[in-house]
Structures are given as C-alpha cells and as structure tokens.
file my_file_20.pdb (PDB, C-alpha atoms, pLDDT in the B column)
ATOM      1  CA  MET A   1      36.181 235.955 315.363  1.00 88.00           C
ATOM      2  CA  ARG A   2      35.968 233.901 318.556  1.00 87.00           C
ATOM      3  CA  ASP A   3      39.750 234.004 318.878  1.00 89.00           C
ATOM      4  CA  ALA A   4      39.804 237.756 318.261  1.00 92.00           C
ATOM      5  CA  LEU A   5      37.149 238.354 320.903  1.00 89.00           C
ATOM      6  CA  ARG A   6      38.850 236.143 323.475  1.00 85.00           C
ATOM      7  CA  SER A   7      42.255 237.735 322.891  1.00 88.00           C
ATOM      8  CA  GLY A   8      40.902 241.253 323.328  1.00 87.00           C
ATOM      9  CA  ASP A   9      41.435 242.404 319.741  1.00 91.00           C
ATOM     10  CA  PRO A  10      39.128 245.244 318.623  1.00 92.00           C
ATOM     11  CA  VAL A  11      36.146 243.696 316.842  1.00 97.00           C
ATOM     12  CA  VAL A  12      33.692 245.963 315.009  1.00 97.00           C
ATOM     13  CA  GLY A  13      30.477 244.981 313.272  1.00 98.00           C
ATOM     14  CA  ILE A  14      27.711 246.595 311.247  1.00 98.00           C
ATOM     15  CA  TRP A  15      23.978 245.951 311.457  1.00 98.00           C
ATOM     16  CA  ALA A  16      22.057 245.098 308.282  1.00 98.00           C
ATOM     17  CA  SER A  17      18.277 245.445 308.356  1.00 98.00           C
ATOM     18  CA  LEU A  18      17.551 245.995 304.666  1.00 98.00           C
ATOM     19  CA  ALA A  19      16.819 243.015 302.450  1.00 96.00           C
ATOM     20  CA  ASP A  20      18.973 243.869 299.443  1.00 97.00           C
ATOM     21  CA  PRO A  21      22.195 241.799 299.315  1.00 98.00           C
ATOM     22  CA  ALA A  22      23.905 244.826 297.788  1.00 98.00           C
ATOM     23  CA  VAL A  23      23.561 246.583 301.139  1.00 98.00           C
ATOM     24  CA  ALA A  24      25.282 243.731 302.970  1.00 98.00           C
ATOM     25  CA  GLU A  25      27.974 243.705 300.297  1.00 98.00           C
ATOM     26  CA  LEU A  26      28.528 247.455 300.753  1.00 98.00           C
ATOM     27  CA  LEU A  27      28.781 247.152 304.536  1.00 98.00           C
ATOM     28  CA  ALA A  28      31.090 244.154 304.723  1.00 98.00           C
ATOM     29  CA  PRO A  29      34.531 245.473 303.601  1.00 98.00           C
ATOM     30  CA  ASP A  30      34.894 247.862 306.550  1.00 97.00           C
ATOM     31  CA  ALA A  31      33.588 245.446 309.187  1.00 98.00           C
ATOM     32  CA  ASP A  32      34.736 242.337 311.017  1.00 97.00           C
ATOM     33  CA  PHE A  33      31.195 240.978 310.962  1.00 98.00           C
ATOM     34  CA  VAL A  34      27.758 241.885 309.603  1.00 98.00           C
ATOM     35  CA  ILE A  35      24.609 241.095 311.566  1.00 98.00           C
ATOM     36  CA  LEU A  36      21.706 240.109 309.313  1.00 98.00           C
ATOM     37  CA  ASP A  37      18.575 240.874 311.310  1.00 98.00           C
ATOM     38  CA  THR A  38      15.482 238.687 311.191  1.00 98.00           C
ATOM     39  CA  GLU A  39      13.901 239.748 314.495  1.00 98.00           C
ATOM     40  CA  HIS A  40      12.617 243.203 313.603  1.00 97.00           C
ATOM     41  CA  THR A  41      12.599 242.947 309.808  1.00 97.00           C
ATOM     42  CA  PRO A  42      10.551 241.050 307.207  1.00 96.00           C
ATOM     43  CA  ASN A  43      13.726 239.310 306.038  1.00 97.00           C
ATOM     44  CA  SER A  44      13.220 235.679 305.064  1.00 97.00           C
ATOM     45  CA  LEU A  45      15.612 232.748 305.052  1.00 97.00           C
ATOM     46  CA  GLU A  46      16.126 233.374 301.348  1.00 97.00           C
ATOM     47  CA  THR A  47      17.125 236.952 302.149  1.00 98.00           C
ATOM     48  CA  VAL A  48      19.577 235.823 304.831  1.00 98.00           C
ATOM     49  CA  THR A  49      21.113 233.320 302.422  1.00 98.00           C
ATOM     50  CA  ASP A  50      21.570 235.915 299.676  1.00 98.00           C
ATOM     51  CA  CYS A  51      22.959 238.490 302.110  1.00 98.00           C
ATOM     52  CA  ALA A  52      25.360 235.909 303.574  1.00 98.00           C
ATOM     53  CA  ARG A  53      26.574 235.202 300.035  1.00 98.00           C
ATOM     54  CA  ALA A  54      27.081 238.930 299.528  1.00 98.00           C
ATOM     55  CA  VAL A  55      29.136 239.281 302.720  1.00 98.00           C
ATOM     56  CA  ASP A  56      31.219 236.243 301.768  1.00 98.00           C
ATOM     57  CA  ALA A  57      31.832 237.676 298.295  1.00 97.00           C
ATOM     58  CA  ALA A  58      32.767 241.176 299.450  1.00 98.00           C
ATOM     59  CA  PRO A  59      36.400 242.239 299.866  1.00 98.00           C
ATOM     60  CA  GLY A  60      37.824 241.542 303.320  1.00 97.00           C
ATOM     61  CA  ASP A  61      37.100 238.864 305.885  1.00 96.00           C
ATOM     62  CA  ALA A  62      33.786 239.962 307.392  1.00 98.00           C
ATOM     63  CA  LEU A  63      31.787 237.150 308.944  1.00 98.00           C
ATOM     64  CA  PRO A  64      28.026 237.001 308.298  1.00 98.00           C
ATOM     65  CA  LEU A  65      26.003 236.440 311.462  1.00 98.00           C
ATOM     66  CA  ALA A  66      22.225 236.415 311.848  1.00 98.00           C
ATOM     67  CA  ARG A  67      19.954 237.519 314.640  1.00 98.00           C
ATOM     68  CA  VAL A  68      17.084 235.080 315.012  1.00 98.00           C
ATOM     69  CA  PRO A  69      13.606 236.264 316.055  1.00 98.00           C
ATOM     70  CA  TRP A  70      13.542 234.176 319.234  1.00 98.00           C
ATOM     71  CA  ASN A  71      15.343 231.486 321.216  1.00 98.00           C
ATOM     72  CA  ASP A  72      13.727 228.785 319.115  1.00 98.00           C
ATOM     73  CA  PRO A  73      15.738 225.690 318.076  1.00 98.00           C
ATOM     74  CA  VAL A  74      13.889 225.385 314.776  1.00 98.00           C
ATOM     75  CA  ARG A  75      14.566 228.987 313.787  1.00 98.00           C
ATOM     76  CA  ILE A  76      18.192 228.693 314.908  1.00 98.00           C
ATOM     77  CA  LYS A  77      18.690 225.454 312.970  1.00 98.00           C
ATOM     78  CA  ARG A  78      17.257 226.864 309.764  1.00 98.00           C
ATOM     79  CA  VAL A  79      19.296 230.066 309.949  1.00 98.00           C
ATOM     80  CA  LEU A  80      22.543 228.191 310.609  1.00 98.00           C
ATOM     81  CA  ASP A  81      21.879 225.983 307.600  1.00 98.00           C
ATOM     82  CA  THR A  82      22.064 229.101 305.385  1.00 98.00           C
ATOM     83  CA  GLY A  83      25.793 229.224 306.080  1.00 98.00           C
ATOM     84  CA  VAL A  84      26.071 232.168 308.467  1.00 98.00           C
ATOM     85  CA  GLY A  85      28.927 231.965 310.938  1.00 98.00           C
ATOM     86  CA  GLY A  86      26.733 232.138 314.012  1.00 98.00           C
ATOM     87  CA  VAL A  87      23.609 233.552 315.582  1.00 98.00           C
ATOM     88  CA  MET A  88      22.576 236.276 317.969  1.00 98.00           C
ATOM     89  CA  VAL A  89      19.683 235.234 320.205  1.00 98.00           C
ATOM     90  CA  PRO A  90      17.442 237.933 321.730  1.00 98.00           C
ATOM     91  CA  MET A  91      15.907 238.254 325.193  1.00 98.00           C
ATOM     92  CA  VAL A  92      17.928 235.624 327.064  1.00 98.00           C
ATOM     93  CA  GLU A  93      17.076 235.881 330.751  1.00 98.00           C
ATOM     94  CA  SER A  94      18.481 232.795 332.494  1.00 98.00           C
ATOM     95  CA  ALA A  95      21.147 230.118 332.411  1.00 98.00           C
ATOM     96  CA  ASP A  96      18.529 227.580 331.298  1.00 98.00           C
ATOM     97  CA  GLU A  97      17.652 229.739 328.297  1.00 98.00           C
ATOM     98  CA  ALA A  98      21.346 230.196 327.538  1.00 98.00           C
ATOM     99  CA  GLU A  99      21.884 226.430 327.633  1.00 98.00           C
ATOM    100  CA  ALA A 100      18.927 225.938 325.282  1.00 98.00           C
ATOM    101  CA  ALA A 101      20.433 228.399 322.796  1.00 98.00           C
ATOM    102  CA  VAL A 102      23.811 226.675 322.892  1.00 98.00           C
ATOM    103  CA  GLU A 103      22.205 223.256 322.400  1.00 98.00           C
ATOM    104  CA  ALA A 104      20.269 224.579 319.402  1.00 98.00           C
ATOM    105  CA  CYS A 105      23.548 225.705 317.815  1.00 98.00           C
ATOM    106  CA  ARG A 106      25.361 222.396 318.336  1.00 98.00           C
ATOM    107  CA  TYR A 107      25.129 219.021 316.665  1.00 98.00           C
ATOM    108  CA  PRO A 108      24.719 215.883 318.818  1.00 97.00           C
ATOM    109  CA  PRO A 109      26.001 214.689 321.143  1.00 95.00           C
ATOM    110  CA  GLY A 110      26.732 218.209 322.381  1.00 93.00           C
ATOM    111  CA  GLY A 111      23.400 219.629 321.272  1.00 98.00           C
ATOM    112  CA  MET A 112      20.192 219.123 319.330  1.00 97.00           C
ATOM    113  CA  ARG A 113      20.818 220.806 315.974  1.00 98.00           C
ATOM    114  CA  GLY A 114      19.505 218.670 313.131  1.00 97.00           C
ATOM    115  CA  ILE A 115      22.020 217.548 310.505  1.00 97.00           C
ATOM    116  CA  ALA A 116      21.524 218.279 306.811  1.00 95.00           C
ATOM    117  CA  ALA A 117      23.617 218.858 303.703  1.00 95.00           C
ATOM    118  CA  ALA A 118      22.596 222.507 303.369  1.00 97.00           C
ATOM    119  CA  ARG A 119      24.542 225.552 302.186  1.00 98.00           C
ATOM    120  CA  ALA A 120      26.499 225.595 305.464  1.00 98.00           C
ATOM    121  CA  ALA A 121      28.026 222.270 304.429  1.00 97.00           C
ATOM    122  CA  ASP A 122      28.487 223.392 300.820  1.00 97.00           C
ATOM    123  CA  TYR A 123      25.351 221.448 299.897  1.00 97.00           C
ATOM    124  CA  GLY A 124      27.011 218.190 300.869  1.00 97.00           C
ATOM    125  CA  ARG A 125      30.416 218.691 299.255  1.00 97.00           C
ATOM    126  CA  ASN A 126      31.874 219.432 302.686  1.00 96.00           C
ATOM    127  CA  PHE A 127      29.275 217.516 304.680  1.00 97.00           C
ATOM    128  CA  GLU A 128      31.270 215.373 307.105  1.00 97.00           C
ATOM    129  CA  ALA A 129      33.995 217.969 307.678  1.00 97.00           C
ATOM    130  CA  TYR A 130      31.428 220.673 308.453  1.00 97.00           C
ATOM    131  CA  VAL A 131      29.550 218.480 310.923  1.00 97.00           C
ATOM    132  CA  GLU A 132      32.824 217.590 312.642  1.00 97.00           C
ATOM    133  CA  THR A 133      33.920 221.217 313.086  1.00 96.00           C
ATOM    134  CA  ALA A 134      30.688 223.233 313.335  1.00 97.00           C
ATOM    135  CA  ASN A 135      30.328 222.895 317.103  1.00 97.00           C
ATOM    136  CA  GLN A 136      33.710 224.562 317.551  1.00 94.00           C
ATOM    137  CA  GLU A 137      33.235 227.190 314.841  1.00 95.00           C
ATOM    138  CA  VAL A 138      29.639 228.417 315.042  1.00 97.00           C
ATOM    139  CA  LEU A 139      29.324 231.506 317.252  1.00 97.00           C
ATOM    140  CA  THR A 140      26.596 231.780 319.876  1.00 98.00           C
ATOM    141  CA  VAL A 141      25.932 235.371 320.980  1.00 98.00           C
ATOM    142  CA  LEU A 142      23.223 235.987 323.573  1.00 98.00           C
ATOM    143  CA  GLN A 143      21.413 239.259 324.107  1.00 98.00           C
ATOM    144  CA  VAL A 144      20.917 240.623 327.609  1.00 98.00           C
ATOM    145  CA  GLU A 145      18.204 243.256 327.326  1.00 97.00           C
ATOM    146  CA  THR A 146      15.893 242.929 330.315  1.00 98.00           C
ATOM    147  CA  GLU A 147      16.153 243.476 334.037  1.00 97.00           C
ATOM    148  CA  ALA A 148      15.935 239.714 334.598  1.00 98.00           C
ATOM    149  CA  GLY A 149      18.742 239.179 332.093  1.00 98.00           C
ATOM    150  CA  VAL A 150      20.932 241.640 333.947  1.00 98.00           C
ATOM    151  CA  GLU A 151      20.192 239.972 337.293  1.00 98.00           C
ATOM    152  CA  ASN A 152      21.174 236.592 335.847  1.00 98.00           C
ATOM    153  CA  ALA A 153      24.029 237.838 333.648  1.00 98.00           C
ATOM    154  CA  ALA A 154      26.706 236.048 335.667  1.00 98.00           C
ATOM    155  CA  ASP A 155      24.923 232.696 335.278  1.00 98.00           C
ATOM    156  CA  ILE A 156      24.296 233.312 331.574  1.00 98.00           C
ATOM    157  CA  ALA A 157      27.906 234.300 330.901  1.00 98.00           C
ATOM    158  CA  ALA A 158      29.197 231.201 332.675  1.00 98.00           C
ATOM    159  CA  VAL A 159      27.288 228.719 330.484  1.00 98.00           C
ATOM    160  CA  GLU A 160      29.700 226.634 328.441  1.00 97.00           C
ATOM    161  CA  GLY A 161      29.368 227.397 324.748  1.00 97.00           C
ATOM    162  CA  VAL A 162      28.297 231.017 325.132  1.00 98.00           C
ATOM    163  CA  ASP A 163      30.813 232.921 323.026  1.00 97.00           C
ATOM    164  CA  ALA A 164      29.671 236.460 323.826  1.00 97.00           C
ATOM    165  CA  LEU A 165      26.972 238.528 325.459  1.00 98.00           C
ATOM    166  CA  PHE A 166      25.367 241.471 323.736  1.00 98.00           C
ATOM    167  CA  VAL A 167      23.616 244.310 325.546  1.00 98.00           C
ATOM    168  CA  GLY A 168      20.556 245.406 323.580  1.00 95.00           C
ATOM    169  CA  PRO A 169      20.537 249.073 324.564  1.00 94.00           C
ATOM    170  CA  ALA A 170      17.089 250.016 323.255  1.00 95.00           C
ATOM    171  CA  ASP A 171      15.203 247.152 324.897  1.00 97.00           C
ATOM    172  CA  LEU A 172      17.247 247.304 328.087  1.00 97.00           C
ATOM    173  CA  SER A 173      16.777 251.042 328.500  1.00 97.00           C
ATOM    174  CA  ALA A 174      13.035 250.662 327.868  1.00 98.00           C
ATOM    175  CA  ASN A 175      12.825 247.768 330.320  1.00 97.00           C
ATOM    176  CA  LEU A 176      14.473 249.952 332.954  1.00 97.00           C
ATOM    177  CA  GLY A 177      12.145 252.879 332.235  1.00 97.00           C
ATOM    178  CA  VAL A 178      14.839 255.108 330.717  1.00 97.00           C
ATOM    179  CA  PHE A 179      14.368 254.512 327.000  1.00 97.00           C
ATOM    180  CA  ALA A 180      17.171 255.973 324.854  1.00 92.00           C
ATOM    181  CA  GLU A 181      18.703 257.776 327.836  1.00 93.00           C
ATOM    182  CA  TRP A 182      22.136 256.350 327.127  1.00 90.00           C
ATOM    183  CA  SER A 183      23.840 258.224 329.977  1.00 89.00           C
ATOM    184  CA  SER A 184      21.194 257.487 332.608  1.00 94.00           C
ATOM    185  CA  PRO A 185      22.498 256.031 335.896  1.00 96.00           C
ATOM    186  CA  GLU A 186      20.018 253.149 335.704  1.00 97.00           C
ATOM    187  CA  LEU A 187      21.219 252.019 332.280  1.00 95.00           C
ATOM    188  CA  GLN A 188      24.887 252.508 333.061  1.00 94.00           C
ATOM    189  CA  GLU A 189      24.542 250.543 336.307  1.00 97.00           C
ATOM    190  CA  ALA A 190      22.878 247.671 334.424  1.00 98.00           C
ATOM    191  CA  ILE A 191      25.559 247.733 331.727  1.00 97.00           C
ATOM    192  CA  ALA A 192      28.283 247.708 334.366  1.00 97.00           C
ATOM    193  CA  ALA A 193      26.708 244.624 335.933  1.00 98.00           C
ATOM    194  CA  VAL A 194      26.719 242.771 332.589  1.00 98.00           C
ATOM    195  CA  LEU A 195      30.305 243.837 331.873  1.00 98.00           C
ATOM    196  CA  GLU A 196      31.371 242.623 335.310  1.00 98.00           C
ATOM    197  CA  ALA A 197      29.620 239.294 334.743  1.00 98.00           C
ATOM    198  CA  GLY A 198      31.305 238.889 331.371  1.00 98.00           C
ATOM    199  CA  GLU A 199      34.724 239.711 332.743  1.00 96.00           C
ATOM    200  CA  ALA A 200      34.341 237.244 335.612  1.00 98.00           C
ATOM    201  CA  ALA A 201      33.398 234.453 333.204  1.00 97.00           C
ATOM    202  CA  GLY A 202      35.882 235.431 330.503  1.00 95.00           C
ATOM    203  CA  THR A 203      32.973 236.073 328.132  1.00 97.00           C
ATOM    204  CA  PRO A 204      33.237 239.150 325.864  1.00 97.00           C
ATOM    205  CA  VAL A 205      30.403 241.685 325.977  1.00 97.00           C
ATOM    206  CA  GLY A 206      29.351 243.978 323.144  1.00 97.00           C
ATOM    207  CA  THR A 207      26.678 246.501 322.265  1.00 97.00           C
ATOM    208  CA  LEU A 208      25.265 248.613 319.453  1.00 96.00           C
ATOM    209  CA  GLY A 209      25.170 252.311 318.663  1.00 93.00           C
ATOM    210  CA  THR A 210      22.955 253.378 315.782  1.00 92.00           C
ATOM    211  CA  ARG A 211      24.929 256.563 315.220  1.00 90.00           C
ATOM    212  CA  PRO A 212      28.521 257.673 315.970  1.00 92.00           C
ATOM    213  CA  ASP A 213      27.565 259.666 319.084  1.00 91.00           C
ATOM    214  CA  GLU A 214      25.812 256.609 320.543  1.00 90.00           C
ATOM    215  CA  VAL A 215      28.756 254.386 319.615  1.00 93.00           C
ATOM    216  CA  ARG A 216      31.115 256.713 321.475  1.00 92.00           C
ATOM    217  CA  THR A 217      28.838 257.106 324.509  1.00 90.00           C
ATOM    218  CA  LEU A 218      28.121 253.416 324.948  1.00 89.00           C
ATOM    219  CA  GLY A 219      31.498 252.181 323.746  1.00 89.00           C
ATOM    220  CA  SER A 220      33.333 254.250 326.331  1.00 92.00           C
ATOM    221  CA  LEU A 221      31.787 252.145 329.098  1.00 93.00           C
ATOM    222  CA  GLY A 222      34.224 249.272 328.558  1.00 95.00           C
ATOM    223  CA  PHE A 223      32.694 246.921 325.995  1.00 96.00           C
ATOM    224  CA  ASP A 224      34.816 244.286 324.278  1.00 96.00           C
ATOM    225  CA  PHE A 225      33.250 244.687 320.834  1.00 97.00           C
ATOM    226  CA  LEU A 226      30.902 247.126 319.133  1.00 97.00           C
ATOM    227  CA  ILE A 227      28.399 247.302 316.332  1.00 98.00           C
ATOM    228  CA  ALA A 228      29.156 250.673 314.803  1.00 96.00           C
ATOM    229  CA  GLY A 229      25.858 251.486 313.139  1.00 95.00           C
ATOM    230  CA  VAL A 230      22.695 250.364 311.379  1.00 97.00           C
ATOM    231  CA  ASP A 231      22.175 250.552 307.624  1.00 98.00           C
ATOM    232  CA  THR A 232      18.815 252.313 307.891  1.00 97.00           C
ATOM    233  CA  ALA A 233      20.179 255.003 310.242  1.00 96.00           C
ATOM    234  CA  MET A 234      23.140 255.567 307.923  1.00 96.00           C
ATOM    235  CA  LEU A 235      20.778 255.984 304.979  1.00 97.00           C
ATOM    236  CA  LEU A 236      18.545 258.376 306.915  1.00 97.00           C
ATOM    237  CA  ASP A 237      21.504 260.487 308.024  1.00 96.00           C
ATOM    238  CA  GLY A 238      23.009 260.540 304.545  1.00 96.00           C
ATOM    239  CA  VAL A 239      19.738 261.643 302.945  1.00 97.00           C
ATOM    240  CA  ALA A 240      19.161 264.312 305.607  1.00 97.00           C
ATOM    241  CA  ASP A 241      22.694 265.707 305.228  1.00 96.00           C
ATOM    242  CA  ALA A 242      22.569 265.706 301.422  1.00 97.00           C
ATOM    243  CA  THR A 243      19.155 267.342 301.118  1.00 97.00           C
ATOM    244  CA  ALA A 244      20.029 269.903 303.793  1.00 96.00           C
ATOM    245  CA  ALA A 245      23.186 270.853 301.868  1.00 96.00           C
ATOM    246  CA  ALA A 246      21.201 271.172 298.658  1.00 97.00           C
ATOM    247  CA  ARG A 247      18.509 273.353 300.250  1.00 96.00           C
ATOM    248  CA  GLU A 248      21.144 275.499 301.918  1.00 95.00           C
ATOM    249  CA  THR A 249      22.935 275.966 298.595  1.00 96.00           C
ATOM    250  CA  LEU A 250      19.742 276.830 296.740  1.00 96.00           C
ATOM    251  CA  GLY A 251      18.749 279.216 299.496  1.00 90.00           C
ATOM    252  CA  ASN A 252      21.967 281.156 298.932  1.00 69.00           C
TER
END
call {"tool": "encode", "arguments": {"input": "my_file_20.pdb", "output": "structure tokens"}}
result
Amino acid sequence: MRDALRSGDPVVGIWASLADPAVAELLAPDADFVILDTEHTPNSLETVTDCARAVDAAPGDALPLARVPWNDPVRIKRVLDTGVGGVMVPMVESADEAEAAVEACRYPPGGMRGIAAARAADYGRNFEAYVETANQEVLTVLQVETEAGVENAADIAAVEGVDALFVGPADLSANLGVFAEWSSPELQEAIAAVLEAGEAAGTPVGTLGTRPDEVRTLGSLGFDFLIAGVDTAMLLDGVADATAAARETLGN
C-alpha cells in the first residue's frame, strides 16, 4: 500500500465501525484497505483481531488497518500486535507528536515499540523475520483535524516515517466552526493547506466521505487516496431506501 500511495496509484478504503467480523469480510473485497475503528466505537482488541482475520481471509488483497483512540504508545503497540498492517493516529498537531507516533510504530533502535511473539509475528513462527521487516512495512497514517494541525501540517508531513496524512473532515470542519459544510471556504482553504504540505514533503494525503456525494465533493479537491464510505452509513442508507420502496409500493 505504501508503494501504491507513493507512486500515485488510486487507493480506496472503507471504514468499519461495527464489531462483527462478517462486516469487515463483506467490505474487504472491493477495497484496498479497511480501517477498523477503535476511537469512536466500543471495539476491543479482540474485535480488531477477529476483524483483521476476516479482512485477511476475504477475497482480494485488502489490508486491515486500525485507528487507535489516541497517540498513545501502549495503545499503538497493542493494536499492532493484533496483526493489522498499520495504524491511523487521530488529532496529531505537531512534528513532536508525529515523531512520537512513528516511534510507537517502530521497533528499536528506530523506535520504542515493545517486541513480542504476538499474532503479527504469527505467534512466534515468523518472529525474527517480522521484527526485522516490521519497521519498513507497518504503515503510520496521521490525522490532521484541528486548526493547529493544519498550521503545522508541513512540519508533520516532513517527519521521517510518516507514510500518509489523513484529513478528518468532521473534526476539522467543527474545529473551524463550519461543521459538515464540506464546500465552505474555510474548510477548503484548510484542506488546500494540508494538500500543499503533503505535496511538498512527498507525503500522500487522504480523507473520508461517509456517502457518495461527500466522497465526490471532498475527493475532487485533489486528495491522493480516499475512504469511500462507512459501514453504518451504508446500512442506514440501504434500510431507508428499501423501506421507502416498500412503503411506496404498498401505497400504490
């Protein structure tokens, strides 16, 4: 995925909030990666592990990633041990915070991630080989979703080991006082600043749309990769469309 992002290939992901591994398995075949969220969900490490297994088992080559609740080395370490291919870290606002996230994702001497024979290393069967290659293979994606993050985006993007930036549109728009106003000048100006910072550093920048209209609106601004929807929004839309069709039919 890192190579695809750096070479400018189209990379599309899907967001998984629900705890059932069947949902992750359903989402994976049409995606390049699936984000397993632990920031705004009750999902546990056991849930992440089972959902990562489901993504790995699904047809295609989708990569399971996980969003951690905070830029916390303990949380990052434990999530990476489940065997996901990388992490997304929320609310990064400075180069120092970016460096801390990278260090949490890397084994010594390049970082501070603790070493264990967990699922990531095939429970020890692939222990030494995993430790030797993990620093090069684990993805570190940092979210820029505050005014301070935007102001420091160039410094964040330039930190060695940052594989991608991710604009959190809901939090960023709220932070700027224009919540969910995807076409507002304030939000678009902030997004442009992050995109410019990413381009200058050679760091890809992505974002999320919960529904197709949001994906098109935000994606047209020049992002390098996109998350094309959220499982809960897809379920809500599907239920609304199906029940509306049924009521319309019965009404006739």
call {"tool": "resolve_selection", "arguments": {"input": "my_file_20.pdb", "expression": "the PyMOL selection byres ((chain A and resi 47) around 12)", "output": "ChimeraX atom specification"}}
result
/A:16-24,36-38,41-46,48-54,66,79,82,84
call {"tool": "resolve_selection", "arguments": {"input": "my_file_20.pdb", "expression": "the PyMOL selection byres ((chain A and resi 31) around 6)", "output": "PyMOL selection string"}}
result
chain A and resi 12-13+28-30+32-33+62
call {"tool": "residues_around", "arguments": {"input": "my_file_20.pdb", "residues": "A:Ala174", "least_positions_apart": "5", "cutoff": "12 Å", "atoms": "all atoms listed in the file", "output": "PyMOL selection string"}}
result
chain A and resi 145-147+168-169+179-182+184+186-187
call {"tool": "write_last_selection", "arguments": {"input": "my_file_20.pdb", "atoms": "C-alpha atoms", "output": "mmCIF file, in the frame of the given file"}}
result
data_model
loop_
_atom_site.group_PDB
_atom_site.id
_atom_site.type_symbol
_atom_site.label_atom_id
_atom_site.label_comp_id
_atom_site.auth_asym_id
_atom_site.auth_seq_id
_atom_site.Cartn_x
_atom_site.Cartn_y
_atom_site.Cartn_z
ATOM 1 C CA GLU A 145 18.204 243.256 327.326
ATOM 2 C CA THR A 146 15.893 242.929 330.315
ATOM 3 C CA GLU A 147 16.153 243.476 334.037
ATOM 4 C CA GLY A 168 20.556 245.406 323.580
ATOM 5 C CA PRO A 169 20.537 249.073 324.564
ATOM 6 C CA PHE A 179 14.368 254.512 327.000
ATOM 7 C CA ALA A 180 17.171 255.973 324.854
ATOM 8 C CA GLU A 181 18.703 257.776 327.836
ATOM 9 C CA TRP A 182 22.136 256.350 327.127
ATOM 10 C CA SER A 184 21.194 257.487 332.608
ATOM 11 C CA GLU A 186 20.018 253.149 335.704
ATOM 12 C CA LEU A 187 21.219 252.019 332.280
#
call {"tool": "closest_residue", "arguments": {"input": "my_file_20.pdb", "among": "A:Val144, A:Gly149, A:Ala121, A:Gly161", "to": "A:Cys105", "atoms": "all atoms listed in the file"}}
result
A:Gly161
call {"tool": "closest_residue", "arguments": {"input": "my_file_20.pdb", "among": "A:Thr232, A:Thr133, A:Thr207, A:Ser183", "to": "A:Tyr107", "atoms": "only C-alpha atoms"}}
result
A:Thr133
call {"tool": "residues_near_point", "arguments": {"input": "my_file_20.pdb", "point": "(29.2, 248.8, 321.5)", "cutoff": "10 Å", "atoms": "all atoms listed in the file", "output": "list in words"}}
result
Val11, Val12, Gly13, Phe166, Val167, Gly168, Pro169, Val205, Gly206, Thr207, Leu208, Gly209, Thr210, Glu214, Val215, Arg216, Thr217, Leu218, Gly219, Ser220, Leu221, Gly222, Phe223, Asp224, Phe225, Leu226, Ile227, Ala228 and Gly229 of chain A
call {"tool": "resolve_selection", "arguments": {"input": "my_file_20.pdb", "expression": "the PyMOL selection byres ((chain A and resi 104) around 7)", "output": "list in words"}}
result
Pro73, Ile76, Lys77, Ala100, Ala101, Val102, Glu103, Cys105, Arg106, Gly111, Met112 and Arg113 of chain A
call {"tool": "closest_residue", "arguments": {"input": "my_file_20.pdb", "among": "A:Ala158, A:Asp213, A:Met88, A:Asp81", "to": "A:Gly124", "atoms": "only C-alpha atoms"}}
result
A:Asp81
call {"tool": "closest_residue", "arguments": {"input": "my_file_20.pdb", "among": "A:Val178, A:Ala153, A:Ala242, A:Leu139", "to": "A:Glu199", "atoms": "only C-alpha atoms"}}
result
A:Ala153
call {"tool": "atom_distance", "arguments": {"input": "my_file_20.pdb", "atom1": "atom CA of A:Val55", "atom2": "atom CA of A:Leu26"}}
result
8.4 Å
call {"tool": "closest_residue", "arguments": {"input": "my_file_20.pdb", "among": "A:Glu189, A:Glu248, A:Glu196, A:Glu132", "to": "A:Pro109", "atoms": "all atoms listed in the file"}}
result
A:Glu132
call {"tool": "closest_residue", "arguments": {"input": "my_file_20.pdb", "among": "A:Val141, A:Val92, A:Val150, A:Met1", "to": "A:Leu176", "atoms": "all atoms listed in the file"}}
result
A:Val150
call {"tool": "axis_aligned_box", "arguments": {"input": "my_file_20.pdb", "around": "stretch 143-152 of chain A", "padding_each_side": "3 Å", "output": "lines of an AutoDock Vina configuration file"}}
result
center_x = 18.7
center_y = 240.0
center_z = 330.7
size_x = 11.5
size_y = 12.9
size_z = 19.2
call {"tool": "atom_distance", "arguments": {"input": "my_file_20.pdb", "atom1": "atom CA of A:Ala129", "atom2": "atom CA of A:Arg78"}}
result
19.1 Å
call {"tool": "atom_distance", "arguments": {"input": "my_file_20.pdb", "atom1": "atom CA of A:Leu165", "atom2": "atom CA of A:Leu195"}}
result
9.0 Å
call {"tool": "residues_around", "arguments": {"input": "my_file_20.pdb", "residues": "A:Tyr123", "least_positions_apart": "5", "cutoff": "12 Å", "atoms": "all atoms listed in the file", "output": "list of chain:residue names"}}
result
A:Asp81, A:Thr82, A:Gly83, A:Ile115, A:Ala116, A:Ala117, A:Ala118, A:Glu128, A:Tyr130
call {"tool": "decode", "arguments": {"input": "my_file_20.pdb", "residues": "stretch 47-54 of chain A", "atoms": "N, CA, C and O atoms", "output": "compact mmCIF listing (two decimals), in the first residue's frame"}}
result
# COMPACT_ATOMS: atom_id res chain seq x y z
N THR A 47 -11.95 -7.68 19.15
CA THR A 47 -12.72 -7.35 17.97
C THR A 47 -11.82 -7.01 16.79
O THR A 47 -12.02 -7.48 15.67
N VAL A 48 -10.81 -6.19 17.05
CA VAL A 48 -9.86 -5.81 15.99
C VAL A 48 -9.17 -7.05 15.43
O VAL A 48 -9.02 -7.21 14.21
N THR A 49 -8.76 -7.95 16.32
CA THR A 49 -8.09 -9.17 15.87
C THR A 49 -9.00 -10.00 14.98
O THR A 49 -8.58 -10.47 13.91
N ASP A 50 -10.25 -10.19 15.41
CA ASP A 50 -11.17 -11.00 14.62
C ASP A 50 -11.50 -10.33 13.29
O ASP A 50 -11.61 -10.99 12.25
N CYS A 51 -11.65 -9.01 13.30
CA CYS A 51 -11.95 -8.29 12.06
C CYS A 51 -10.74 -8.30 11.12
O CYS A 51 -10.90 -8.39 9.90
N ALA A 52 -9.53 -8.21 11.68
CA ALA A 52 -8.33 -8.31 10.85
C ALA A 52 -8.25 -9.68 10.20
O ALA A 52 -7.90 -9.81 9.01
N ARG A 53 -8.58 -10.73 10.94
CA ARG A 53 -8.63 -12.08 10.37
C ARG A 53 -9.63 -12.14 9.22
O ARG A 53 -9.37 -12.76 8.18
N ALA A 54 -10.78 -11.48 9.41
CA ALA A 54 -11.81 -11.51 8.39
C ALA A 54 -11.36 -10.80 7.12
O ALA A 54 -11.61 -11.27 6.00
